[in-house]
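One file, upload.txt, is given below (compact mmCIF, C-alpha atoms).
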# COMPACT_ATOMS: atom_id res chain seq x y z
CA MET A 29 4.15 -26.13 -22.27
CA SER A 30 1.58 -27.80 -24.48
CA THR A 31 2.21 -31.23 -25.91
CA PRO A 32 2.37 -31.22 -29.71
CA THR A 33 0.81 -34.10 -31.58
CA SER A 34 2.92 -33.65 -34.70
CA LEU A 35 5.93 -31.76 -35.93
CA THR A 36 5.29 -29.48 -38.90
CA LEU A 37 8.32 -27.87 -40.47
CA PRO A 38 8.42 -25.07 -43.03
CA ARG A 39 8.70 -26.45 -46.58
CA PRO A 40 12.39 -25.51 -47.14
CA ALA A 41 13.36 -27.13 -43.85
CA ARG A 42 11.70 -30.46 -44.58
CA ARG A 43 14.84 -32.41 -45.22
CA THR A 44 16.28 -35.31 -43.30
CA GLY A 45 18.34 -33.22 -40.92
CA ALA A 46 15.58 -30.78 -40.02
CA ALA A 47 12.92 -33.40 -39.48
CA VAL A 48 15.16 -35.74 -37.51
CA THR A 49 16.43 -32.74 -35.55
CA GLY A 50 12.94 -31.80 -34.54
CA LEU A 51 12.12 -35.31 -33.47
CA LEU A 52 15.35 -35.63 -31.50
CA ALA A 53 14.94 -32.34 -29.69
CA LEU A 54 11.30 -32.95 -28.87
CA GLY A 55 12.22 -36.40 -27.61
CA LEU A 56 14.99 -34.95 -25.47
CA LEU A 57 12.56 -32.44 -24.00
CA GLY A 58 10.08 -35.26 -23.38
CA THR A 59 7.20 -33.57 -25.21
CA LEU A 60 6.13 -36.21 -27.71
CA SER A 61 2.87 -37.97 -26.99
CA PRO A 62 2.69 -41.77 -26.78
CA ALA A 63 2.34 -43.71 -30.02
CA HIS A 64 -1.16 -44.25 -31.35
CA ALA A 65 -2.04 -47.29 -33.44
CA ALA A 66 -3.64 -45.16 -36.16
CA GLY A 67 -2.39 -41.70 -37.04
CA ASP A 68 0.85 -41.90 -35.03
CA PRO A 69 2.49 -38.44 -35.23
CA LEU A 70 5.98 -39.96 -35.23
CA GLN A 71 5.11 -42.18 -38.18
CA ARG A 72 3.48 -39.24 -39.97
CA ASP A 73 6.70 -37.25 -39.51
CA ALA A 74 8.86 -40.14 -40.76
CA ASP A 75 6.60 -40.38 -43.82
CA ALA A 76 6.94 -36.59 -44.34
CA VAL A 77 10.73 -36.99 -44.38
CA ARG A 78 10.39 -39.75 -46.98
CA ASP A 79 7.97 -37.63 -49.00
CA SER A 80 10.49 -34.77 -49.05
CA GLY A 81 12.82 -36.91 -51.15
CA VAL A 82 14.74 -39.05 -48.66
CA THR A 83 14.96 -42.67 -49.80
CA GLY A 84 14.52 -44.19 -46.35
CA VAL A 85 14.35 -43.01 -42.77
CA SER A 86 14.34 -44.62 -39.36
CA VAL A 87 13.66 -42.46 -36.32
CA ARG A 88 14.02 -43.51 -32.70
CA VAL A 89 12.96 -41.27 -29.85
CA ASP A 90 13.98 -42.15 -26.30
CA SER A 91 12.07 -40.23 -23.64
CA PRO A 92 10.96 -40.75 -20.05
CA ARG A 93 7.85 -42.38 -21.53
CA GLY A 94 9.92 -45.04 -23.30
CA ALA A 95 11.45 -45.66 -26.70
CA ARG A 96 9.54 -45.24 -29.96
CA THR A 97 10.59 -46.01 -33.51
CA ALA A 98 9.10 -45.13 -36.89
CA ARG A 99 10.36 -46.27 -40.31
CA SER A 100 9.47 -45.18 -43.78
CA GLY A 101 10.78 -45.74 -47.28
CA VAL A 102 13.40 -48.05 -48.72
CA GLY A 103 16.40 -49.39 -46.82
CA ASP A 104 18.09 -51.09 -49.77
CA LEU A 105 17.99 -49.39 -53.17
CA ARG A 106 19.11 -52.53 -54.99
CA THR A 107 16.39 -54.83 -53.64
CA GLY A 108 13.75 -52.26 -52.69
CA ALA A 109 13.53 -53.79 -49.20
CA PRO A 110 11.98 -51.54 -46.55
CA VAL A 111 14.04 -49.90 -43.81
CA PRO A 112 14.81 -52.76 -41.37
CA PRO A 113 13.01 -52.65 -38.01
CA ALA A 114 16.13 -53.32 -35.91
CA GLU A 115 18.54 -51.16 -37.91
CA TYR A 116 21.44 -49.71 -35.94
CA ILE A 117 21.47 -45.92 -36.29
CA ARG A 118 24.50 -43.91 -35.28
CA ILE A 119 24.61 -40.21 -35.93
CA GLY A 120 27.36 -39.50 -33.40
CA SER A 121 28.58 -35.92 -33.27
CA THR A 122 26.02 -34.89 -35.85
CA THR A 123 23.51 -34.96 -32.98
CA LYS A 124 25.05 -31.77 -31.59
CA THR A 125 24.21 -29.85 -34.75
CA TYR A 126 20.68 -31.27 -34.92
CA VAL A 127 19.91 -30.52 -31.29
CA ALA A 128 21.44 -27.02 -31.47
CA THR A 129 19.32 -26.23 -34.54
CA VAL A 130 16.09 -27.24 -32.85
CA VAL A 131 16.98 -25.55 -29.58
CA LEU A 132 17.52 -22.30 -31.49
CA GLN A 133 14.20 -22.84 -33.30
CA LEU A 134 12.50 -23.28 -29.92
CA VAL A 135 14.20 -20.10 -28.68
CA GLY A 136 12.91 -18.27 -31.76
CA GLU A 137 9.39 -19.53 -31.00
CA GLY A 138 9.70 -18.33 -27.40
CA ARG A 139 9.31 -21.86 -25.99
CA LEU A 140 12.62 -21.71 -24.13
CA SER A 141 15.41 -19.24 -23.49
CA LEU A 142 19.17 -19.52 -23.88
CA GLU A 143 19.35 -18.25 -20.30
CA ASP A 144 17.18 -21.09 -18.95
CA SER A 145 19.01 -23.40 -16.60
CA VAL A 146 19.48 -27.06 -17.46
CA ASP A 147 17.62 -27.80 -14.23
CA ARG A 148 14.53 -26.00 -15.57
CA TRP A 149 14.17 -28.59 -18.36
CA LEU A 150 15.90 -31.59 -16.77
CA PRO A 151 15.35 -31.18 -13.01
CA GLY A 152 17.93 -33.01 -10.92
CA VAL A 153 19.67 -34.66 -13.89
CA VAL A 154 22.88 -32.61 -13.67
CA ARG A 155 23.91 -32.95 -10.03
CA GLY A 156 26.95 -34.22 -8.18
CA ASN A 157 30.70 -34.33 -8.73
CA GLY A 158 30.80 -30.52 -8.59
CA ASN A 159 28.10 -30.13 -11.27
CA ASP A 160 24.90 -28.18 -10.65
CA GLY A 161 22.27 -27.92 -13.39
CA ARG A 162 20.80 -24.87 -11.65
CA ARG A 163 23.94 -22.92 -12.60
CA VAL A 164 24.40 -24.25 -16.15
CA THR A 165 22.45 -22.50 -18.93
CA VAL A 166 21.22 -23.74 -22.28
CA ARG A 167 23.56 -21.17 -23.89
CA GLN A 168 26.55 -22.68 -22.08
CA LEU A 169 25.60 -26.15 -23.28
CA LEU A 170 25.37 -24.98 -26.89
CA GLN A 171 28.69 -23.12 -26.62
CA HIS A 172 30.37 -26.07 -24.86
CA THR A 173 31.32 -23.74 -22.00
CA SER A 174 29.23 -25.35 -19.25
CA GLY A 175 32.18 -26.95 -17.51
CA LEU A 176 30.46 -30.34 -17.64
CA PRO A 177 32.95 -33.13 -18.35
CA ASP A 178 32.94 -35.27 -21.48
CA TYR A 179 30.65 -38.08 -20.37
CA ILE A 180 32.22 -40.65 -22.72
CA ALA A 181 35.74 -39.97 -21.43
CA ALA A 182 34.46 -39.95 -17.84
CA ALA A 183 32.65 -43.28 -18.30
CA SER A 184 35.73 -44.99 -19.73
CA ARG A 185 37.90 -44.19 -16.70

I'd like the structure from this file rewritten - as structure tokens, please.
Amino acid sequence: MSTPTSLTLPRPARRTGAAVTGLLALGLLGTLSPAHAAGDPLQRDADAVRDSGVTGVSVRVDSPRGARTARSGVGDLRTGAPVPPAEYIRIGSTTKTYVATVVLQLVGEGRLSLEDSVDRWLPGVVRGNGNDGRRVTVRQLLQHTSGLPDYIAAASR
């Protein structure tokens, strides 16, 4: 799989959800390149979200290469202050919709298959306690039929 340097979305899809979705999914798949001082693709994408009509955006991508953040636009409409650098972002269950959208876009592009195992993309991550990522497919994850437990409920026990 080649490493993209920027995410370009079709014009109708260039809204907050689509752009953030793309960044999230690419970050989850670990395909974003490291930040560059000038011409950072993540910053360019955050600016594209702002340019599409969003007042302010903050994007954080966590990958095996580390965490990256890009901000663009206004964080406070009243004062015109920029998006704060240490802003807490919680999208909660909305993440499922974003990730599913991008996964299906990647399937449409032929970059992955719904029949791919989790282990193909995240080798060794889903192992133990009766779980085996070699037997869980991307389709099962999207349909919530993988048999994997709710990690939040499991962690609170």

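Distances from A:Arg93, A:Ala128, A:Glu143, A:Arg78 to His172 of chain A were compared using only C-alpha atoms, and the smallest one belongs to A:Ala128.
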
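Interatomic distance, atom CA of Gly84 of chain A against atom CA of Arg72 of chain A: 13.7 Å.
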
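Closest approach to Arg155 of chain A from the set A:Leu176, A:Leu132, A:Val85, A:Leu142 is made by A:Leu176, with distances taken over all atoms listed in the file.
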
field: Of the listed residues A:Leu170, A:Val87, A:Val154, A:Leu105, that which approaches Ser141 of chain A most closely, counting all atoms listed in the file
entry: A:Leu170

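The shortest atom-to-atom distance to Gly158 of chain A, with all atoms listed in the file taken into account, belongs to A:Pro177 out of A:Gln171, A:Thr129, A:Leu140, A:Pro177.
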
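In this model, the gap between atom CA of Val131 of chain A and atom CA of Asn159 of chain A comes to 21.9 Å.
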
message: I want to know what sits within 9 Å of segment 146-153 of chain A, based on only C-alpha atoms, with residues of the same chain fewer than 6 positions away left out; could you give that as a list in words?
response: Leu57, Asp160, Gly161, Arg162, Arg163, Val164, Thr165, Val166 and Leu169 of chain A

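Here atom CA of Thr97 of chain A and atom CA of Pro69 of chain A stand 11.2 Å from one another.
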
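Minimum atom-to-atom distances from A:Ser91, A:Ser100, A:Ser121, A:Ser174 to Gln71 of chain A were compared using only C-alpha atoms, and the lowest value belongs to A:Ser100.
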
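Residue nearest Arg99 of chain A, chosen from A:Gly67, A:Gly81, A:Pro112, A:Gly138 and counting all atoms listed in the file: A:Pro112.
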